[in-house]
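Structure first, commentary second.
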Amino acid sequence: MFDLLIRGGTLATASDVFQADIAVKDGVIVQIGRDLGEARNTVDASGRYVLPGGIDSHVHISQPSGEGIVMADDFESGTRSALFGGNTTVMPFCLQRKGEGLRSALSDYHALAEGNCYTDVSFHLIVSDPSPQVLGQELPALVEDGYTSLKVFMTYEDLRLSDAEILGVLDTARRTGALVMVHCENEDAIRYLIGRHEADGDVAPKAHATTRPIAAEREATHRALSLAEIVDVPLVIVHVSNRESMEEIERARRRGRKVIGETCPQYLMLTAEDLDGMDWEGAKFVCSPPPRDKASQDACWDGIERGVFDLYSSDHCPFRYDDPAGKLNPKGRESFRHIPNGIPGVETRLPILFSEGVMKGRIDLPRFVVLSSTNHAKTYGLYPKKGTIAIGADADLAIWDPAATRTIRHADLHDASDYSPYEGLEVTGWPTTIIRGGAVVVDDGVLGEGARTGRYVPRDRSSLAGPTETDVEQSSTGGIR
Ligand code: DUC
Ligand code: ZN
Ligand code: ZN
């Protein structure tokens with residue numbers, strides 16, 4: 001007797017689309033085929049797609065922000081929103097504050113997550129203070145413990161690392177097998193431009209985009225890739241917004257570098273014009289790097305289609321708009337410089353890619369699976385336990401109704417922000433039933449009892465980590481095969 005049977009659906013993996021039933025026992029897929037037998041519970045998936053549960057490997061939840069600023073989502077609301085958007089695992093960032101150790105940051109972060117998650121969760125680290133103690137002792141021990149990825153920033157006064165510090169982090173990554181993600185924007189150039197705009201009294205939200213030009217992102221991308229080449233480690237370039245940065249990634253790959261590229265819905269769907277809203281409404285779209293123009297959108301779609309991008313993540317980083325602790329904080333009303341950076345999107349990430357990508361014929365279903373789940377698992381050491389439909393894999397599944405049409409309204413979403421950047425967007429296709437660890441946690445749009453039982457998942461080292469000599473196979477475009 002199985003615990004669960006999912007009958008009659010069309011399954012899709014990173015490589016195949018086929019009709020089959022799935023049998024689940026003890027949270028794991030145990031059979032895939034026809035006439036599998038009896039189960040305690042059955043889900044009828046006929047007329048729907050059964051896909052690996054989405055993995056969003058780039059989200060921010062309960063992250064300490066500027067003074068007086070509070071992130072809209074905690075683990076409860078953030079993972080609930082993720083779940084309704086077709087995700088069964090999310091990977092938020094645990095931020096190390098300057099002077100703080102990584103272990104103490106992690107123990108605080110675990111305490112926030114414990115008992116509050118609707119999806120499984122696993123944590124990246126943000127290293128802001130790479131002291132000898134952190135690089136020599138803490139980080140190597142934490143990689144052993146399953147914290148196998150970390151992010152560094154080239155921008156933000158309180159987070160940015162110098163090139164020398166980044167080299168130190170990369171060197172530790174090479175020794176330990178950690179995978180490094182980089183936020184690529186040139187802080188000094190941005191500071192210079194902010195100063196110029198403020199001197200001219202040009203302080204509305206739109207100036208956020210003009211003070212963070214493509215050249216600042218492209219230069220930092222080139223520099224980060226060069227530093228990784230000097231140390232000989234792979235690199236994840238996160239939230240890429242434009243063609244010039246994509247070209248840096250492709251050039252590095254042609255030099256034999258292992259580079260993983262990520263883009264996000266905002267670079268496919270928004271432009272800098274959205275920051276130009278009346279009454280400071282443009283603040284709703286302030287994120288970094290900023291959305292660019294139509295040509296950059298087209299370039300990012302091209303990168304999705306051609307494999308320049310291996311990962312498509314939300315970069316969910318939610319702040320409420322009409323809130324003194326959010327976008328309209330007292331200083332944020334005075335200058336773009338004080339508007340917290342980030343936008344919500346964990347629930348709309350996959351419906352947008354499904355509708356704009358699959359339904360509009362830009363990508364096929366296997367590529368959707370690759371971008372939404374499989375490559376996240378492969379990149380960050382969760383594969384093949386997660387990210388695919390296979391015997392022995394966790395029964396983490398999203399059942400999509402390809403005929404469901406919706407107009408995105410924040411009122412229908414499940415996060416704790418007070419707006420969606422995609423309000424009014426019409427989409428076709430929605431994940432209606434979600435199975436996590438073999439439990440039906442969303443049943444035809446209704447949250448199941450006991451759904452808040454997501455677990456923390458320690459991770460293996462990425463199969464992509466380590467020096468280039470121990471190369472894994474990359475596709476013709478240099479991405480993950
Ligand atoms: N970088 C992110 O990855 N998310 C939000 C803000 C930022 O700068
Ligand atoms: Zn970033
Ligand atoms: Zn982010």
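Here, A, B, ... name the chains of the structure tokens in the order displayed, residue numbers run from 1 inside each chain, and ligands are numbered from 1 in the same displayed order.
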Show me which residues line ligand 3, defined as having an atom within 12 Å of a ligand atom where only C-alpha atoms and all ligand atoms count, and present them as a ChimeraX atom specification. /A:56-61,63,91-95,124-126,150-153,181-184,237-240,262-264,266,287-289,313-318,341-346
Can you pull out every residue within 10 Å of segment 271-276 of chain A, counting only C-alpha atoms, but drop anything in the same chain fewer than 4 positions away, and send it as an MDAnalysis selection string? chainID A and resid 204:210 266:267 280:287 290:297 421
Please produce an output containing N, CA, C and O atoms for each residue in the selection, written as a tab-separated table (two decimals), in the first residue's frame.
```tsv
chain	number	residue	atom	x	y	z
A	204	ALA	N	14.08	61.66	-6.91
A	204	ALA	CA	12.90	60.80	-7.04
A	204	ALA	C	13.33	59.35	-7.32
A	204	ALA	O	14.48	59.11	-7.72
A	205	PRO	N	12.43	58.39	-7.12
A	205	PRO	CA	12.80	56.98	-7.28
A	205	PRO	C	13.49	56.65	-8.61
A	205	PRO	O	14.38	55.80	-8.64
A	206	LYS	N	13.11	57.33	-9.66
A	206	LYS	CA	13.71	57.03	-10.97
A	206	LYS	C	15.23	57.16	-10.94
A	206	LYS	O	15.94	56.45	-11.66
A	207	ALA	N	15.73	58.06	-10.09
A	207	ALA	CA	17.19	58.27	-10.02
A	207	ALA	C	17.91	57.01	-9.52
A	207	ALA	O	19.11	56.84	-9.75
A	208	HIS	N	17.18	56.13	-8.86
A	208	HIS	CA	17.79	54.87	-8.45
A	208	HIS	C	18.34	54.13	-9.67
A	208	HIS	O	19.43	53.54	-9.62
A	209	ALA	N	17.57	54.16	-10.76
A	209	ALA	CA	18.00	53.45	-11.97
A	209	ALA	C	19.15	54.17	-12.66
A	209	ALA	O	20.12	53.54	-13.10
A	210	THR	N	19.09	55.51	-12.70
A	210	THR	CA	20.14	56.23	-13.45
A	210	THR	C	21.46	56.25	-12.68
A	210	THR	O	22.52	56.40	-13.28
A	266	GLN	N	12.00	40.35	-12.75
A	266	GLN	CA	11.98	41.81	-12.92
A	266	GLN	C	12.74	42.27	-14.16
A	266	GLN	O	12.43	43.30	-14.73
A	267	TYR	N	13.74	41.47	-14.57
A	267	TYR	CA	14.53	41.88	-15.75
A	267	TYR	C	13.88	41.40	-17.05
A	267	TYR	O	14.29	41.81	-18.13
A	280	TRP	N	5.63	59.03	-5.88
A	280	TRP	CA	6.66	58.16	-5.32
A	280	TRP	C	6.33	56.67	-5.54
A	280	TRP	O	6.96	55.81	-4.98
A	281	GLU	N	5.30	56.36	-6.36
A	281	GLU	CA	4.93	54.96	-6.58
A	281	GLU	C	6.06	54.17	-7.21
A	281	GLU	O	6.12	52.94	-7.12
A	282	GLY	N	6.96	54.88	-7.88
A	282	GLY	CA	8.12	54.22	-8.49
A	282	GLY	C	8.94	53.47	-7.45
A	282	GLY	O	9.68	52.53	-7.78
A	283	ALA	N	8.81	53.87	-6.17
A	283	ALA	CA	9.54	53.19	-5.09
A	283	ALA	C	9.21	51.70	-5.05
A	283	ALA	O	10.02	50.89	-4.60
A	284	LYS	N	8.02	51.36	-5.53
A	284	LYS	CA	7.61	49.94	-5.52
A	284	LYS	C	8.52	49.07	-6.39
A	284	LYS	O	8.48	47.85	-6.28
A	285	PHE	N	9.26	49.72	-7.30
A	285	PHE	CA	10.05	48.96	-8.27
A	285	PHE	C	11.55	49.12	-8.02
A	285	PHE	O	12.36	48.70	-8.84
A	286	VAL	N	11.90	49.75	-6.91
A	286	VAL	CA	13.33	49.97	-6.61
A	286	VAL	C	13.97	48.65	-6.16
A	286	VAL	O	13.62	48.09	-5.12
A	287	CYS	N	14.86	48.16	-6.99
A	287	CYS	CA	15.63	46.96	-6.65
A	287	CYS	C	16.98	47.07	-7.35
A	287	CYS	O	17.15	47.90	-8.25
A	290	PRO	N	18.82	47.67	-11.08
A	290	PRO	CA	17.47	48.12	-11.45
A	290	PRO	C	17.02	47.50	-12.77
A	290	PRO	O	17.84	47.10	-13.59
A	291	PRO	N	15.71	47.42	-12.97
A	291	PRO	CA	15.21	47.05	-14.29
A	291	PRO	C	15.72	48.07	-15.30
A	291	PRO	O	15.92	49.23	-14.96
A	292	ARG	N	15.96	47.63	-16.55
A	292	ARG	CA	16.61	48.50	-17.56
A	292	ARG	C	15.60	48.99	-18.59
A	292	ARG	O	14.72	49.75	-18.28
A	293	ASP	N	15.75	48.52	-19.83
A	293	ASP	CA	14.87	48.97	-20.91
A	293	ASP	C	14.38	47.77	-21.70
A	293	ASP	O	14.73	46.63	-21.39
A	294	LYS	N	13.60	48.04	-22.75
A	294	LYS	CA	13.02	46.96	-23.54
A	294	LYS	C	14.11	46.09	-24.18
A	294	LYS	O	14.00	44.85	-24.22
A	295	ALA	N	15.18	46.73	-24.63
A	295	ALA	CA	16.26	45.97	-25.27
A	295	ALA	C	16.90	45.01	-24.26
A	295	ALA	O	17.27	43.87	-24.60
A	296	SER	N	17.03	45.46	-23.01
A	296	SER	CA	17.60	44.58	-21.98
A	296	SER	C	16.64	43.43	-21.65
A	296	SER	O	17.08	42.30	-21.43
A	297	GLN	N	15.34	43.74	-21.62
A	297	GLN	CA	14.35	42.67	-21.41
A	297	GLN	C	14.51	41.60	-22.50
A	297	GLN	O	14.56	40.41	-22.20
A	421	PRO	N	4.60	44.02	-7.84
A	421	PRO	CA	5.07	44.80	-8.99
A	421	PRO	C	4.37	44.37	-10.27
A	421	PRO	O	4.48	45.06	-11.29
```
Could you write out, as a compact mmCIF listing (two decimals) with N, CA and C atoms, in the first residue's frame, all the residues of segment 20-151 of chain A that DSSP marks as strand (DSSP E or B)?
```txt
# COMPACT_ATOMS: atom_id res chain seq x y z
N ASP A 21 1.80 7.66 -13.85
CA ASP A 21 1.37 7.86 -12.47
C ASP A 21 2.61 7.83 -11.58
N ILE A 22 2.47 8.41 -10.40
CA ILE A 22 3.59 8.43 -9.44
C ILE A 22 3.10 7.84 -8.12
N ALA A 23 3.87 6.91 -7.58
CA ALA A 23 3.54 6.36 -6.26
C ALA A 23 4.56 6.85 -5.24
N VAL A 24 4.04 7.20 -4.05
CA VAL A 24 4.87 7.81 -3.01
C VAL A 24 4.76 7.00 -1.73
N LYS A 25 5.88 6.77 -1.09
CA LYS A 25 5.87 6.16 0.25
C LYS A 25 6.92 6.84 1.11
N VAL A 28 8.86 9.82 -0.30
CA VAL A 28 9.79 9.66 -1.42
C VAL A 28 9.05 9.00 -2.59
N ILE A 29 9.44 9.33 -3.81
CA ILE A 29 8.86 8.68 -5.00
C ILE A 29 9.41 7.26 -5.07
N VAL A 30 8.49 6.28 -5.12
CA VAL A 30 8.95 4.88 -5.14
C VAL A 30 8.64 4.18 -6.46
N GLN A 31 7.64 4.67 -7.19
CA GLN A 31 7.37 4.08 -8.51
C GLN A 31 6.85 5.14 -9.45
N ILE A 32 7.17 4.96 -10.74
CA ILE A 32 6.63 5.83 -11.80
C ILE A 32 6.19 4.88 -12.91
N GLY A 33 4.93 4.93 -13.29
CA GLY A 33 4.47 4.00 -14.34
C GLY A 33 2.97 3.98 -14.42
N ALA A 39 -3.36 3.03 -2.93
CA ALA A 39 -2.72 4.00 -2.02
C ALA A 39 -3.76 4.53 -1.05
N ARG A 40 -3.29 5.00 0.07
CA ARG A 40 -4.21 5.59 1.06
C ARG A 40 -4.87 6.85 0.54
N ASN A 41 -4.17 7.56 -0.33
CA ASN A 41 -4.67 8.86 -0.82
C ASN A 41 -4.34 8.97 -2.32
N THR A 42 -5.27 9.52 -3.08
CA THR A 42 -5.03 9.66 -4.52
C THR A 42 -5.30 11.10 -4.95
N VAL A 43 -4.42 11.60 -5.82
CA VAL A 43 -4.65 12.91 -6.43
C VAL A 43 -4.89 12.67 -7.92
N ASP A 44 -5.99 13.19 -8.43
CA ASP A 44 -6.27 13.07 -9.86
C ASP A 44 -5.63 14.26 -10.58
N TYR A 49 -0.27 19.25 -15.60
CA TYR A 49 1.15 18.88 -15.64
C TYR A 49 1.64 18.60 -14.22
N VAL A 50 2.42 17.55 -14.09
CA VAL A 50 3.05 17.24 -12.80
C VAL A 50 4.54 17.53 -12.94
N LEU A 51 4.99 18.54 -12.24
CA LEU A 51 6.38 19.00 -12.40
C LEU A 51 7.13 18.90 -11.07
N PRO A 52 8.46 18.82 -11.12
CA PRO A 52 9.20 18.91 -9.86
C PRO A 52 8.84 20.22 -9.15
N GLY A 54 8.98 23.69 -7.51
CA GLY A 54 9.92 24.76 -7.77
C GLY A 54 10.94 24.92 -6.64
N ILE A 55 12.16 25.25 -7.01
CA ILE A 55 13.19 25.59 -6.02
C ILE A 55 13.59 27.03 -6.33
N ASP A 56 13.36 27.91 -5.39
CA ASP A 56 13.76 29.30 -5.58
C ASP A 56 15.03 29.52 -4.76
N SER A 57 16.15 29.56 -5.46
CA SER A 57 17.44 29.57 -4.76
C SER A 57 17.92 30.99 -4.44
N HIS A 58 17.03 31.97 -4.59
CA HIS A 58 17.44 33.34 -4.26
C HIS A 58 16.25 34.11 -3.71
N VAL A 59 16.09 34.05 -2.40
CA VAL A 59 15.03 34.82 -1.74
C VAL A 59 15.60 35.43 -0.45
N ASN A 87 6.39 26.43 -5.35
CA ASN A 87 7.72 26.08 -4.83
C ASN A 87 7.60 25.13 -3.64
N THR A 88 8.54 24.20 -3.56
CA THR A 88 8.59 23.32 -2.40
C THR A 88 9.88 23.52 -1.59
N THR A 89 10.82 24.26 -2.16
CA THR A 89 12.06 24.59 -1.43
C THR A 89 12.45 26.03 -1.75
N VAL A 90 12.85 26.78 -0.73
CA VAL A 90 13.43 28.10 -0.99
C VAL A 90 14.76 28.21 -0.24
N MET A 91 15.61 29.07 -0.78
CA MET A 91 16.94 29.23 -0.19
C MET A 91 17.18 30.71 0.13
N PRO A 92 16.83 31.13 1.36
CA PRO A 92 17.11 32.51 1.77
C PRO A 92 18.56 32.69 2.24
N PHE A 93 18.88 33.94 2.49
CA PHE A 93 20.25 34.30 2.87
C PHE A 93 20.34 34.61 4.36
N CYS A 94 21.34 34.04 4.99
CA CYS A 94 21.63 34.38 6.39
C CYS A 94 22.77 35.41 6.38
N LEU A 95 22.44 36.62 6.84
CA LEU A 95 23.37 37.75 6.76
C LEU A 95 24.29 37.81 7.97
N ASP A 120 10.33 23.49 2.33
CA ASP A 120 11.66 23.19 2.85
C ASP A 120 12.54 24.42 2.63
N VAL A 121 13.53 24.58 3.49
CA VAL A 121 14.43 25.73 3.36
C VAL A 121 15.88 25.28 3.52
N HIS A 124 21.83 30.08 2.27
CA HIS A 124 23.12 30.61 1.84
C HIS A 124 23.61 31.54 2.96
N LEU A 125 24.91 31.77 2.98
CA LEU A 125 25.47 32.78 3.88
C LEU A 125 25.73 34.06 3.08
N ILE A 126 25.64 35.21 3.75
CA ILE A 126 26.19 36.45 3.18
C ILE A 126 27.39 36.80 4.04
N SER A 149 27.15 27.31 0.23
CA SER A 149 27.18 28.44 -0.72
C SER A 149 27.13 29.75 0.05
N LEU A 150 27.69 30.79 -0.54
CA LEU A 150 27.69 32.09 0.13
C LEU A 150 27.69 33.20 -0.92
N LYS A 151 27.18 34.35 -0.47
CA LYS A 151 27.11 35.50 -1.37
C LYS A 151 28.02 36.61 -0.86
```
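Considering the residues A:Arg362, A:Arg160, A:Arg48, A:Arg349 and counting only C-alpha atoms and all ligand atoms, ligand 1 has its shortest atom-to-atom contact with A:Arg160.
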Between atom CA of Ala216 of chain A and atom CA of Asp163 of chain A - distance in Å to one decimal: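 Computing it gives 15.2 Å between the two atoms.
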Run DSSP on the backbone of this structure and report the residues of segment 187-396 of chain A it assigns to helix (DSSP H, G or I), as a PyMOL selection string. chain A and resi 187-199+206-210+214-231+243-254+265-269+272-276+278-285+294-306+336-338+349-359+365-379
If we count only C-alpha atoms, what is near Ile363 of chain A at a cut-off of 12 Å, once residues fewer than 5 positions away on the same chain are taken out, given as an NGL selection string? :A and (301-307 or 353-358 or 368-371)
Write the residues of the preceding selection, restricted to all heavy atoms, as a short mmCIF file (atom, residue, chain, number, x, y, z; two decimals), in the first residue's frame.
```
data_model
loop_
_atom_site.label_atom_id
_atom_site.label_comp_id
_atom_site.auth_asym_id
_atom_site.auth_seq_id
_atom_site.Cartn_x
_atom_site.Cartn_y
_atom_site.Cartn_z
N TRP A 301 15.48 37.64 -22.09
CA TRP A 301 14.68 36.52 -22.65
C TRP A 301 15.57 35.66 -23.55
O TRP A 301 15.51 34.42 -23.51
CB TRP A 301 13.48 37.04 -23.44
CG TRP A 301 12.28 37.29 -22.57
CD1 TRP A 301 11.69 38.50 -22.32
CD2 TRP A 301 11.51 36.31 -21.84
NE1 TRP A 301 10.61 38.32 -21.47
CE2 TRP A 301 10.49 37.00 -21.16
CE3 TRP A 301 11.62 34.93 -21.67
CZ2 TRP A 301 9.55 36.35 -20.34
CZ3 TRP A 301 10.70 34.27 -20.86
CH2 TRP A 301 9.68 34.97 -20.21
N ASP A 302 16.39 36.32 -24.34
CA ASP A 302 17.32 35.59 -25.21
C ASP A 302 18.24 34.70 -24.37
O ASP A 302 18.51 33.54 -24.72
CB ASP A 302 18.12 36.64 -26.01
CG ASP A 302 19.08 36.03 -26.98
OD1 ASP A 302 18.67 35.09 -27.69
OD2 ASP A 302 20.25 36.47 -27.02
N GLY A 303 18.69 35.23 -23.25
CA GLY A 303 19.56 34.46 -22.36
C GLY A 303 18.85 33.28 -21.72
O GLY A 303 19.44 32.22 -21.47
N ILE A 304 17.56 33.45 -21.45
CA ILE A 304 16.73 32.35 -20.93
C ILE A 304 16.63 31.25 -21.99
O ILE A 304 16.77 30.06 -21.70
CB ILE A 304 15.30 32.88 -20.59
CG1 ILE A 304 15.33 33.73 -19.32
CG2 ILE A 304 14.28 31.77 -20.52
CD1 ILE A 304 15.11 32.98 -18.04
N GLU A 305 16.42 31.67 -23.23
CA GLU A 305 16.21 30.71 -24.31
C GLU A 305 17.51 30.01 -24.70
O GLU A 305 17.53 28.80 -24.94
CB GLU A 305 15.62 31.41 -25.54
CG GLU A 305 14.19 31.88 -25.32
CD GLU A 305 13.73 32.87 -26.40
OE1 GLU A 305 14.16 32.74 -27.57
OE2 GLU A 305 12.96 33.79 -26.06
N ARG A 306 18.62 30.75 -24.75
CA ARG A 306 19.88 30.21 -25.27
C ARG A 306 20.73 29.51 -24.23
O ARG A 306 21.75 28.91 -24.55
CB ARG A 306 20.73 31.35 -25.86
CG ARG A 306 20.31 31.78 -27.24
CD ARG A 306 21.41 32.59 -27.91
NE ARG A 306 21.76 33.79 -27.19
CZ ARG A 306 22.96 34.05 -26.68
NH1 ARG A 306 23.94 33.17 -26.82
NH2 ARG A 306 23.20 35.17 -26.04
N GLY A 307 20.36 29.62 -22.96
CA GLY A 307 21.17 28.94 -21.95
C GLY A 307 22.28 29.80 -21.37
O GLY A 307 23.15 29.29 -20.67
N LEU A 353 6.98 32.87 -15.66
CA LEU A 353 7.79 32.13 -16.64
C LEU A 353 6.94 31.13 -17.42
O LEU A 353 7.14 30.93 -18.61
CB LEU A 353 8.95 31.39 -15.94
CG LEU A 353 9.93 30.73 -16.91
CD1 LEU A 353 10.68 31.76 -17.75
CD2 LEU A 353 10.93 29.83 -16.18
N PHE A 354 5.98 30.52 -16.73
CA PHE A 354 5.11 29.56 -17.41
C PHE A 354 4.30 30.28 -18.50
O PHE A 354 4.24 29.83 -19.65
CB PHE A 354 4.18 28.88 -16.40
CG PHE A 354 3.46 27.69 -16.95
CD1 PHE A 354 4.00 26.41 -16.82
CD2 PHE A 354 2.26 27.84 -17.62
CE1 PHE A 354 3.34 25.31 -17.35
CE2 PHE A 354 1.59 26.74 -18.15
CZ PHE A 354 2.13 25.47 -18.02
N SER A 355 3.70 31.39 -18.11
CA SER A 355 2.80 32.10 -19.03
C SER A 355 3.58 32.78 -20.16
O SER A 355 3.29 32.60 -21.34
CB SER A 355 2.00 33.13 -18.24
OG SER A 355 1.06 33.75 -19.06
N GLU A 356 4.59 33.56 -19.77
CA GLU A 356 5.34 34.34 -20.77
C GLU A 356 6.35 33.47 -21.53
O GLU A 356 6.72 33.79 -22.65
CB GLU A 356 6.09 35.49 -20.07
CG GLU A 356 5.19 36.54 -19.48
CD GLU A 356 4.51 37.41 -20.54
OE1 GLU A 356 5.15 37.74 -21.55
OE2 GLU A 356 3.33 37.74 -20.34
N GLY A 357 6.80 32.40 -20.87
CA GLY A 357 7.81 31.54 -21.49
C GLY A 357 7.21 30.35 -22.22
O GLY A 357 7.31 30.25 -23.44
N VAL A 358 6.55 29.47 -21.46
CA VAL A 358 6.02 28.23 -22.06
C VAL A 358 4.82 28.53 -22.95
O VAL A 358 4.78 28.13 -24.12
CB VAL A 358 5.64 27.20 -20.96
CG1 VAL A 358 5.07 25.93 -21.59
CG2 VAL A 358 6.86 26.87 -20.09
N PHE A 368 11.53 24.85 -18.84
CA PHE A 368 10.88 25.45 -17.68
C PHE A 368 11.29 24.72 -16.41
O PHE A 368 11.60 25.34 -15.38
CB PHE A 368 9.34 25.41 -17.86
CG PHE A 368 8.58 25.91 -16.66
CD1 PHE A 368 8.35 27.27 -16.49
CD2 PHE A 368 8.11 25.03 -15.69
CE1 PHE A 368 7.65 27.74 -15.37
CE2 PHE A 368 7.41 25.49 -14.57
CZ PHE A 368 7.19 26.85 -14.42
N VAL A 369 11.29 23.39 -16.48
CA VAL A 369 11.67 22.58 -15.31
C VAL A 369 13.13 22.85 -14.92
O VAL A 369 13.47 23.01 -13.74
CB VAL A 369 11.42 21.08 -15.59
CG1 VAL A 369 12.00 20.21 -14.48
CG2 VAL A 369 9.92 20.81 -15.75
N VAL A 370 13.99 22.92 -15.94
CA VAL A 370 15.41 23.20 -15.70
C VAL A 370 15.57 24.52 -14.96
O VAL A 370 16.28 24.61 -13.94
CB VAL A 370 16.16 23.27 -17.06
CG1 VAL A 370 17.51 23.95 -16.91
CG2 VAL A 370 16.34 21.86 -17.63
N LEU A 371 14.89 25.56 -15.46
CA LEU A 371 15.08 26.91 -14.91
C LEU A 371 14.38 27.12 -13.58
O LEU A 371 14.78 27.96 -12.78
CB LEU A 371 14.56 27.95 -15.92
CG LEU A 371 15.43 28.14 -17.16
CD1 LEU A 371 14.65 28.90 -18.23
CD2 LEU A 371 16.72 28.88 -16.81
#
```
A:Glu114, A:Asp443, A:Glu165, A:Glu185 ranked by distance to ligand 2, top pick (using only C-alpha atoms and all ligand atoms): A:Glu185
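Closest approach to ligand 2 from the set A:Ala299, A:Ala465, A:Met154, A:Leu11 is made by A:Met154, with distances taken over only C-alpha atoms and all ligand atoms.
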Computed interatomic separation between atom CA of Asn116 of chain A and atom CA of Asp394 of chain A (Å): 20.2 Å
Closest to ligand 1 among A:Pro340, A:Gly66, A:Pro324, A:Pro265, using only C-alpha atoms and all ligand atoms?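 Nearest candidate to ligand 1 out of A:Pro340, A:Gly66, A:Pro324, A:Pro265: A:Pro340.
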Please provide as a VMD selection string all residues within 9 Å of Arg452 of chain A, with the sequence filter that same-chain residues fewer than 3 positions apart are discarded (counting only C-alpha atoms). chain A and resid 76 79 to 80 115 to 119 441 448 to 449
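Atom pair atom CA of Met1 of chain A / atom CA of Ile435 of chain A has a distance of 18.5 Å (rounded to one decimal).
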